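Here is model_26.cif, consisting of mmCIF, C-alpha atoms, pLDDT in the B column; chains and numbers go by the auth columns:
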```
data_final
#
loop_
_atom_site.group_PDB
_atom_site.id
_atom_site.type_symbol
_atom_site.label_atom_id
_atom_site.label_comp_id
_atom_site.label_asym_id
_atom_site.label_seq_id
_atom_site.Cartn_x
_atom_site.Cartn_y
_atom_site.Cartn_z
_atom_site.B_iso_or_equiv
_atom_site.auth_seq_id
_atom_site.auth_asym_id
ATOM 1 C CA MET A 1 -67.834 20.660 22.654 83.00 18 T
ATOM 2 C CA LEU A 2 -70.672 22.742 24.072 86.00 19 T
ATOM 3 C CA ASN A 3 -72.826 19.617 24.466 89.00 20 T
ATOM 4 C CA ILE A 4 -70.182 17.845 26.533 92.00 21 T
ATOM 5 C CA ILE A 5 -69.689 20.861 28.820 91.00 22 T
ATOM 6 C CA ILE A 6 -73.447 21.227 29.313 92.00 23 T
ATOM 7 C CA TYR A 7 -73.678 17.534 30.274 93.00 24 T
ATOM 8 C CA ILE A 8 -70.781 17.888 32.750 92.00 25 T
ATOM 9 C CA THR A 9 -72.370 20.996 34.298 92.00 26 T
ATOM 10 C CA LEU A 10 -75.741 19.249 34.607 93.00 27 T
ATOM 11 C CA GLY A 11 -74.014 16.332 36.354 93.00 28 T
ATOM 12 C CA PHE A 12 -72.337 18.666 38.855 92.00 29 T
ATOM 13 C CA MET A 13 -75.614 20.488 39.505 92.00 30 T
ATOM 14 C CA PHE A 14 -77.590 17.293 40.075 93.00 31 T
ATOM 15 C CA THR A 15 -74.917 16.014 42.484 93.00 32 T
ATOM 16 C CA GLY A 16 -75.171 19.290 44.413 92.00 33 T
ATOM 17 C CA ILE A 17 -78.969 18.983 44.474 93.00 34 T
ATOM 18 C CA PHE A 18 -78.610 15.421 45.785 93.00 35 T
ATOM 19 C CA PHE A 19 -76.358 16.456 48.688 92.00 36 T
ATOM 20 C CA SER A 20 -78.533 19.460 49.589 91.00 37 T
ATOM 21 C CA ALA A 21 -81.669 17.318 49.536 92.00 38 T
ATOM 22 C CA LEU A 22 -79.917 14.791 51.787 92.00 39 T
ATOM 23 C CA ARG A 23 -79.166 17.579 54.280 90.00 40 T
ATOM 24 C CA PHE A 24 -82.757 18.778 53.916 91.00 41 T
ATOM 25 C CA VAL A 25 -83.980 15.337 54.969 92.00 42 T
ATOM 26 C CA LEU A 26 -81.330 14.604 57.654 89.00 43 T
ATOM 27 C CA GLY A 27 -80.773 18.091 59.137 77.00 44 T
ATOM 28 C CA PRO A 28 -80.951 18.035 62.948 85.00 45 T
ATOM 29 C CA THR A 29 -82.516 21.472 63.454 85.00 46 T
ATOM 30 C CA ALA A 30 -84.996 23.589 61.517 87.00 47 T
ATOM 31 C CA ALA A 31 -82.302 26.149 60.648 87.00 48 T
ATOM 32 C CA ASP A 32 -80.249 23.472 58.847 89.00 49 T
ATOM 33 C CA ARG A 33 -83.246 22.522 56.745 91.00 50 T
ATOM 34 C CA THR A 34 -83.858 26.161 55.884 90.00 51 T
ATOM 35 C CA VAL A 35 -80.231 26.612 54.799 91.00 52 T
ATOM 36 C CA ALA A 36 -80.575 23.554 52.566 91.00 53 T
ATOM 37 C CA LEU A 37 -83.810 25.009 51.133 91.00 54 T
ATOM 38 C CA ASP A 38 -82.040 28.284 50.318 91.00 55 T
ATOM 39 C CA THR A 39 -79.263 26.404 48.507 91.00 56 T
ATOM 40 C CA LEU A 40 -81.795 24.275 46.624 92.00 57 T
ATOM 41 C CA THR A 41 -83.598 27.434 45.451 92.00 58 T
ATOM 42 C CA THR A 42 -80.412 28.967 44.037 91.00 59 T
ATOM 43 C CA ILE A 43 -79.347 25.737 42.291 92.00 60 T
ATOM 44 C CA ALA A 44 -82.838 25.326 40.808 92.00 61 T
ATOM 45 C CA MET A 45 -82.732 28.896 39.461 92.00 62 T
ATOM 46 C CA ALA A 46 -79.439 28.192 37.667 91.00 63 T
ATOM 47 C CA LEU A 47 -80.856 24.877 36.394 92.00 64 T
ATOM 48 C CA LEU A 48 -83.943 26.580 34.949 93.00 65 T
ATOM 49 C CA VAL A 49 -81.828 29.173 33.125 92.00 66 T
ATOM 50 C CA LEU A 50 -79.539 26.443 31.720 91.00 67 T
ATOM 51 C CA LEU A 51 -82.583 24.422 30.569 92.00 68 T
ATOM 52 C CA SER A 52 -83.989 27.529 28.859 92.00 69 T
ATOM 53 C CA PHE A 53 -80.705 27.698 26.921 91.00 70 T
ATOM 54 C CA VAL A 54 -80.816 23.992 26.044 91.00 71 T
ATOM 55 C CA TYR A 55 -84.441 24.044 24.840 92.00 72 T
ATOM 56 C CA LYS A 56 -84.208 27.599 23.373 90.00 73 T
ATOM 57 C CA ARG A 57 -87.263 28.746 25.329 88.00 74 T
ATOM 58 C CA PHE A 58 -87.004 32.354 26.491 88.00 75 T
ATOM 59 C CA ILE A 59 -89.973 32.081 28.875 90.00 76 T
ATOM 60 C CA TYR A 60 -88.127 29.776 31.327 90.00 77 T
ATOM 61 C CA ILE A 61 -85.968 32.727 32.420 91.00 78 T
ATOM 62 C CA ASP A 62 -89.117 34.478 33.684 91.00 79 T
ATOM 63 C CA VAL A 63 -90.041 31.277 35.516 92.00 80 T
ATOM 64 C CA ALA A 64 -86.599 31.290 37.156 91.00 81 T
ATOM 65 C CA LEU A 65 -87.014 34.930 38.213 92.00 82 T
ATOM 66 C CA VAL A 66 -90.430 34.336 39.812 93.00 83 T
ATOM 67 C CA TYR A 67 -89.147 31.164 41.517 93.00 84 T
ATOM 68 C CA GLY A 68 -86.193 33.093 42.936 92.00 85 T
ATOM 69 C CA VAL A 69 -88.400 35.883 44.309 93.00 86 T
ATOM 70 C CA LEU A 70 -90.799 33.399 45.938 93.00 87 T
ATOM 71 C CA GLY A 71 -87.942 31.371 47.447 91.00 88 T
ATOM 72 C CA PHE A 72 -86.309 34.506 48.839 92.00 89 T
ATOM 73 C CA ILE A 73 -89.544 35.656 50.492 93.00 90 T
ATOM 74 C CA GLY A 74 -90.140 32.140 51.842 92.00 91 T
ATOM 75 C CA VAL A 75 -86.696 31.947 53.451 91.00 92 T
ATOM 76 C CA LEU A 76 -87.148 35.415 55.001 92.00 93 T
ATOM 77 C CA VAL A 77 -90.538 34.422 56.447 92.00 94 T
ATOM 78 C CA ILE A 78 -89.144 31.158 57.879 90.00 95 T
ATOM 79 C CA ALA A 79 -86.205 33.036 59.458 89.00 96 T
ATOM 80 C CA ARG A 80 -88.637 35.544 60.974 90.00 97 T
ATOM 81 C CA TYR A 81 -90.689 32.657 62.354 90.00 98 T
ATOM 82 C CA LEU A 82 -87.608 30.971 63.860 86.00 99 T
ATOM 83 C CA GLU A 83 -86.777 34.228 65.651 84.00 100 T
ATOM 84 C CA GLY A 84 -90.155 34.054 67.351 81.00 101 T
ATOM 85 C CA ALA A 85 -91.304 37.358 65.880 77.00 102 T
ATOM 86 C CA LEU A 86 -94.144 35.965 63.791 72.00 103 T
ATOM 87 C CA MET B 1 -64.849 37.119 17.889 66.00 2 Q
ATOM 88 C CA ASN B 2 -67.785 34.784 18.257 77.00 3 Q
ATOM 89 C CA ASP B 3 -65.520 31.825 18.989 86.00 4 Q
ATOM 90 C CA ILE B 4 -63.780 33.720 21.780 88.00 5 Q
ATOM 91 C CA LEU B 5 -67.141 34.599 23.365 89.00 6 Q
ATOM 92 C CA ASP B 6 -68.238 30.955 23.086 89.00 7 Q
ATOM 93 C CA ILE B 7 -65.085 29.693 24.793 91.00 8 Q
ATOM 94 C CA PHE B 8 -65.470 32.318 27.541 90.00 9 Q
ATOM 95 C CA GLY B 9 -69.092 31.247 28.086 90.00 10 Q
ATOM 96 C CA MET B 10 -68.130 27.566 28.268 91.00 11 Q
ATOM 97 C CA ILE B 11 -65.420 28.266 30.863 92.00 12 Q
ATOM 98 C CA LEU B 12 -67.908 30.285 32.949 91.00 13 Q
ATOM 99 C CA LEU B 13 -70.458 27.460 32.674 92.00 14 Q
ATOM 100 C CA LEU B 14 -67.941 24.880 33.916 92.00 15 Q
ATOM 101 C CA ILE B 15 -66.815 27.118 36.810 92.00 16 Q
ATOM 102 C CA GLY B 16 -70.444 27.653 37.806 92.00 17 Q
ATOM 103 C CA GLY B 17 -71.184 23.921 37.781 92.00 18 Q
ATOM 104 C CA ILE B 18 -68.142 23.158 39.922 93.00 19 Q
ATOM 105 C CA PHE B 19 -69.069 25.821 42.475 93.00 20 Q
ATOM 106 C CA LEU B 20 -72.695 24.649 42.678 92.00 21 Q
ATOM 107 C CA PHE B 21 -71.425 21.110 43.346 92.00 22 Q
ATOM 108 C CA LEU B 22 -69.046 22.435 46.042 92.00 23 Q
ATOM 109 C CA GLY B 23 -71.918 24.309 47.685 91.00 24 Q
ATOM 110 C CA GLY B 24 -74.008 21.151 47.899 91.00 25 Q
ATOM 111 C CA LEU B 25 -71.052 19.128 49.200 91.00 26 Q
ATOM 112 C CA GLY B 26 -70.256 21.780 51.826 91.00 27 Q
ATOM 113 C CA ILE B 27 -73.837 21.786 53.033 91.00 28 Q
ATOM 114 C CA PHE B 28 -73.668 18.022 53.464 90.00 29 Q
ATOM 115 C CA ARG B 29 -70.236 17.759 55.072 89.00 30 Q
ATOM 116 C CA MET B 30 -69.909 20.787 57.375 86.00 31 Q
ATOM 117 C CA PRO B 31 -70.402 20.112 61.112 84.00 32 Q
ATOM 118 C CA ASP B 32 -72.169 23.290 62.309 85.00 33 Q
ATOM 119 C CA THR B 33 -75.159 25.366 61.197 86.00 34 Q
ATOM 120 C CA TYR B 34 -73.018 28.492 60.728 88.00 35 Q
ATOM 121 C CA ASN B 35 -70.422 26.565 58.702 87.00 36 Q
ATOM 122 C CA ARG B 36 -73.206 25.154 56.546 88.00 37 Q
ATOM 123 C CA LEU B 37 -74.564 28.664 56.020 89.00 38 Q
ATOM 124 C CA GLN B 38 -71.116 29.894 54.986 88.00 39 Q
ATOM 125 C CA ALA B 39 -70.467 27.040 52.544 86.00 40 Q
ATOM 126 C CA GLY B 40 -73.947 26.856 51.081 85.00 41 Q
ATOM 127 C CA THR B 41 -74.670 30.523 50.552 89.00 42 Q
ATOM 128 C CA LYS B 42 -71.388 31.888 49.234 90.00 43 Q
ATOM 129 C CA ALA B 43 -70.481 29.014 46.921 91.00 44 Q
ATOM 130 C CA THR B 44 -73.955 28.844 45.402 91.00 45 Q
ATOM 131 C CA THR B 45 -74.041 32.629 44.939 92.00 46 Q
ATOM 132 C CA LEU B 46 -70.900 32.519 42.799 92.00 47 Q
ATOM 133 C CA GLY B 47 -71.982 29.344 40.990 92.00 48 Q
ATOM 134 C CA GLY B 48 -75.478 30.534 40.137 92.00 49 Q
ATOM 135 C CA MET B 49 -74.247 33.959 39.019 92.00 50 Q
ATOM 136 C CA SER B 50 -71.627 32.496 36.697 94.00 51 Q
ATOM 137 C CA VAL B 51 -73.984 29.872 35.175 93.00 52 Q
ATOM 138 C CA ILE B 52 -76.652 32.506 34.460 92.00 53 Q
ATOM 139 C CA LEU B 53 -74.097 34.967 33.070 92.00 54 Q
ATOM 140 C CA SER B 54 -72.633 32.242 30.828 93.00 55 Q
ATOM 141 C CA VAL B 55 -76.088 31.636 29.311 91.00 56 Q
ATOM 142 C CA GLY B 56 -76.298 35.376 28.662 91.00 57 Q
ATOM 143 C CA ILE B 57 -72.917 35.280 26.914 91.00 58 Q
ATOM 144 C CA LEU B 58 -73.663 32.169 24.831 90.00 59 Q
ATOM 145 C CA GLU B 59 -77.015 33.648 23.685 87.00 60 Q
ATOM 146 C CA PRO B 60 -76.352 37.402 23.280 85.00 61 Q
ATOM 147 C CA GLY B 61 -80.033 38.314 22.771 88.00 62 Q
ATOM 148 C CA TRP B 62 -80.846 37.294 26.337 88.00 63 Q
ATOM 149 C CA PHE B 63 -78.045 39.230 28.020 90.00 64 Q
ATOM 150 C CA ILE B 64 -80.215 41.945 29.634 91.00 65 Q
ATOM 151 C CA LYS B 65 -82.625 39.453 31.205 90.00 66 Q
ATOM 152 C CA THR B 66 -79.804 37.316 32.604 91.00 67 Q
ATOM 153 C CA LEU B 67 -78.139 40.453 33.977 92.00 68 Q
ATOM 154 C CA VAL B 68 -81.356 41.216 35.881 92.00 69 Q
ATOM 155 C CA LEU B 69 -81.270 37.701 37.354 91.00 70 Q
ATOM 156 C CA VAL B 70 -77.597 38.042 38.336 92.00 71 Q
ATOM 157 C CA ILE B 71 -78.252 41.359 40.104 93.00 72 Q
ATOM 158 C CA PHE B 72 -81.232 39.823 41.887 93.00 73 Q
ATOM 159 C CA ILE B 73 -79.128 36.892 43.166 92.00 74 Q
ATOM 160 C CA ALA B 74 -76.355 39.263 44.275 92.00 75 Q
ATOM 161 C CA LEU B 75 -78.870 41.326 46.264 92.00 76 Q
ATOM 162 C CA SER B 76 -81.123 38.626 47.714 91.00 77 Q
ATOM 163 C CA ASN B 77 -78.749 35.829 48.758 91.00 78 Q
ATOM 164 C CA PRO B 78 -76.732 37.777 51.394 91.00 79 Q
ATOM 165 C CA ILE B 79 -79.951 39.181 52.895 92.00 80 Q
ATOM 166 C CA SER B 80 -81.516 35.748 53.344 91.00 81 Q
ATOM 167 C CA SER B 81 -78.317 34.260 54.792 90.00 82 Q
ATOM 168 C CA HIS B 82 -77.979 37.176 57.228 90.00 83 Q
ATOM 169 C CA ALA B 83 -81.592 36.759 58.362 90.00 84 Q
ATOM 170 C CA LEU B 84 -81.062 33.026 58.863 90.00 85 Q
ATOM 171 C CA ALA B 85 -77.867 33.502 60.899 88.00 86 Q
ATOM 172 C CA HIS B 86 -79.479 36.171 63.069 88.00 87 Q
ATOM 173 C CA ALA B 87 -82.541 34.001 63.686 88.00 88 Q
ATOM 174 C CA ASN B 88 -80.342 31.024 64.529 87.00 89 Q
ATOM 175 C CA TYR B 89 -78.308 33.055 67.035 85.00 90 Q
ATOM 176 C CA LYS B 90 -81.420 34.543 68.594 84.00 91 Q
ATOM 177 C CA ARG B 91 -82.816 31.034 69.098 82.00 92 Q
ATOM 178 C CA GLY B 92 -79.865 30.225 71.360 76.00 93 Q
ATOM 179 C CA ASN B 93 -77.853 28.070 68.953 76.00 94 Q
ATOM 180 C CA LYS B 94 -74.317 29.262 69.771 76.00 95 Q
ATOM 181 C CA PRO B 95 -71.447 28.731 67.309 76.00 96 Q
ATOM 182 C CA PHE B 96 -68.720 26.185 68.055 74.00 97 Q
ATOM 183 C CA LEU B 97 -65.541 28.106 69.006 74.00 98 Q
ATOM 184 C CA LYS B 98 -62.151 26.548 69.608 73.00 99 Q
ATOM 185 C CA GLY B 99 -60.950 29.127 72.166 71.00 100 Q
ATOM 186 C CA GLY B 100 -64.059 29.084 74.330 70.00 101 Q
ATOM 187 C CA PRO B 101 -67.139 31.276 74.590 69.00 102 Q
ATOM 188 C CA GLU B 102 -65.167 34.503 75.212 70.00 103 Q
ATOM 189 C CA TYR B 103 -64.192 34.472 71.534 71.00 104 Q
ATOM 190 C CA ASP B 104 -67.824 35.058 70.578 74.00 105 Q
ATOM 191 C CA GLN B 105 -67.454 38.557 69.124 73.00 106 Q
ATOM 192 C CA TYR B 106 -71.139 39.034 68.354 75.00 107 Q
ATOM 193 C CA ARG B 107 -72.437 38.444 71.901 77.00 108 Q
ATOM 194 C CA LYS B 108 -71.724 41.967 73.248 76.00 109 Q
ATOM 195 C CA THR B 109 -73.430 43.666 70.319 76.00 110 Q
ATOM 196 C CA PHE B 110 -76.342 41.271 70.574 75.00 111 Q
ATOM 197 C CA GLU B 111 -76.884 41.914 74.295 77.00 112 Q
ATOM 198 C CA GLN B 112 -76.562 45.675 73.822 78.00 113 Q
ATOM 199 C CA GLU B 113 -79.146 45.599 71.023 74.00 114 Q
ATOM 200 C CA GLY B 114 -81.527 43.654 73.250 72.00 115 Q
ATOM 201 C CA LYS B 115 -81.116 46.178 76.092 74.00 116 Q
ATOM 202 C CA GLU B 116 -81.704 49.119 73.751 73.00 117 Q
ATOM 203 C CA THR B 117 -84.893 47.661 72.361 70.00 118 Q
ATOM 204 C CA GLU B 118 -86.122 46.891 75.884 68.00 119 Q
ATOM 205 C CA GLU B 119 -85.381 50.468 76.996 70.00 120 Q
ATOM 206 C CA ASN B 120 -87.166 51.852 73.955 71.00 121 Q
ATOM 207 C CA THR B 121 -90.258 49.776 74.613 67.00 122 Q
ATOM 208 C CA ASN B 122 -90.201 50.753 78.308 69.00 123 Q
ATOM 209 C CA GLU B 123 -89.937 54.444 77.408 70.00 124 Q
ATOM 210 C CA LYS B 124 -92.810 54.119 74.979 67.00 125 Q
ATOM 211 C CA VAL B 125 -94.937 52.442 77.640 67.00 126 Q
ATOM 212 C CA LYS B 126 -94.072 55.224 80.127 68.00 127 Q
ATOM 213 C CA GLU B 127 -94.906 57.919 77.586 70.00 128 Q
ATOM 214 C CA GLU B 128 -98.240 56.313 76.873 69.00 129 Q
ATOM 215 C CA GLU B 129 -98.965 56.039 80.584 69.00 130 Q
ATOM 216 C CA THR B 130 -98.118 59.690 81.226 69.00 131 Q
ATOM 217 C CA ALA B 131 -100.139 60.779 78.203 62.00 132 Q
#
```

Do you think you could lay out the structure here as structure tokens?
Amino acid sequence: MLNIIIYITLGFMFTGIFFSALRFVLGPTAADRTVALDTLTTIAMALLVLLSFVYKRFIYIDVALVYGVLGFIGVLVIARYLEGAL
Amino acid sequence: MNDILDIFGMILLLIGGIFLFLGGLGIFRMPDTYNRLQAGTKATTLGGMSVILSVGILEPGWFIKTLVLVIFIALSNPISSHALAHANYKRGNKPFLKGGPEYDQYRKTFEQEGKETEENTNEKVKEEETA
């Protein structure tokens, strides 16, 4: 039962990653690409935590935390640059 | 007791997966940058929080660490989306409004903020000159 639900959730998450990556490639302006990058960061964090549960490795949660912090700072810096303040 | 927790965790996991998928779909389908921001940020916030919390429920030894991650997502995602929307507005990318540009509620505040910062900088320059 748990296996089936984990497979279904992984399928949903990979479909979401596919659509966000498509917007990241297509996006007409730089702001659209940055929004897609923000979404990709959050989905990848959830994916890393789910994989740490599947493989029973506790250390992947720390990887997800560091990835989230770096993505957050990156999005803030890009937004600051788009404002013209950097 | 354990079975109930397991079922609760599975339901949370499924809800999180569905919301992450909806966030990706919204980012692909929405017509405007602000609509994309709305769909992408809010749906993925709920989806990521519920997936991470479900892992914490299914594996009770990891609950504290997953709670830290959930609090971090709840704090960081609105800040980044706000910064992106503000930067996008400041760049001159106006939102699409059905009633016309007079329905833009943020414009007055934005112009007033710009005037205030200009006045502040002018005053500082004057003070420096007089000093």

Practice problem: Find the residues around Leu43 of chain T up to 12 Å (only C-alpha atoms counted), leave out those fewer than 6 positions away in its own chain, and share them as a ChimeraX atom specification. | Solution: /T:36-37,49-51,53 /Q:28-30

Exercise. Could you please tell me, as a VMD selection string, which residues of chain T have an atom within 6 Å of chain Q when using only C-alpha atoms?
Key: chain T and resid 26 29 to 30 33 36 to 37 40 49 56 63 93 96 99 to 100

Practice problem: Could you tell me which residues the PyMOL selection byres ((chain T and resi 65) around 12) returns for this structure, as a VMD selection string? | Solution: (chain T and resid 27 30 58 to 64 66 to 85) or (chain Q and resid 49 52 to 53 56 67 70)

Quiz item: Interatomic distance between atom CA of Glu114 of chain Q and atom CA of Val92 of chain T?
Solution: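 Between atom CA of Glu114 of chain Q and atom CA of Val92 of chain T the gap is 23.5 Å.
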
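Counting from atom CA of Ala47 of chain T, the distance to atom CA of Ile95 of chain T is 9.4 Å.
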
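The gap separating atom CA of Val94 of chain T from atom CA of Thr46 of chain T is 16.8 Å, in Å to one decimal.
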
Practice problem: Give the answer as one residue: which of T:Ile25, T:Leu57, T:Val42, T:Ala48 has the shortest atom-to-atom distance to Arg97 of chain T, using all atoms listed in the file? | Solution: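 Closest to Arg97 of chain T of all the choices is T:Ala48.
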
Assuming the input is short of atoms at segment 21-33 of chain T, produce N, CA and C atoms for that part as a tab-separated table (two decimals), in the frame of the given file.
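As a result, selection_25.tsv now contains:
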```tsv
chain	number	residue	atom	x	y	z
T	21	ILE	N	-70.88	18.58	25.47
T	21	ILE	CA	-70.18	17.84	26.53
T	21	ILE	C	-70.12	18.69	27.79
T	22	ILE	N	-69.82	20.00	27.64
T	22	ILE	CA	-69.69	20.86	28.82
T	22	ILE	C	-71.03	21.04	29.50
T	23	ILE	N	-72.12	21.11	28.69
T	23	ILE	CA	-73.45	21.23	29.31
T	23	ILE	C	-73.78	19.96	30.09
T	24	TYR	N	-73.41	18.77	29.54
T	24	TYR	CA	-73.68	17.53	30.27
T	24	TYR	C	-72.89	17.49	31.58
T	25	ILE	N	-71.61	17.91	31.53
T	25	ILE	CA	-70.78	17.89	32.75
T	25	ILE	C	-71.38	18.83	33.80
T	26	THR	N	-71.79	20.04	33.34
T	26	THR	CA	-72.37	21.00	34.30
T	26	THR	C	-73.66	20.47	34.91
T	27	LEU	N	-74.49	19.82	34.07
T	27	LEU	CA	-75.74	19.25	34.61
T	27	LEU	C	-75.44	18.16	35.64
T	28	GLY	N	-74.39	17.36	35.38
T	28	GLY	CA	-74.01	16.33	36.35
T	28	GLY	C	-73.59	16.93	37.68
T	29	PHE	N	-72.76	17.98	37.62
T	29	PHE	CA	-72.34	18.67	38.85
T	29	PHE	C	-73.55	19.22	39.60
T	30	MET	N	-74.48	19.86	38.85
T	30	MET	CA	-75.61	20.49	39.51
T	30	MET	C	-76.52	19.45	40.15
T	31	PHE	N	-76.71	18.30	39.48
T	31	PHE	CA	-77.59	17.29	40.08
T	31	PHE	C	-76.93	16.65	41.30
T	32	THR	N	-75.58	16.52	41.28
T	32	THR	CA	-74.92	16.01	42.48
T	32	THR	C	-75.08	16.98	43.65
T	33	GLY	N	-74.95	18.29	43.36
T	33	GLY	CA	-75.17	19.29	44.41
T	33	GLY	C	-76.59	19.25	44.94
```
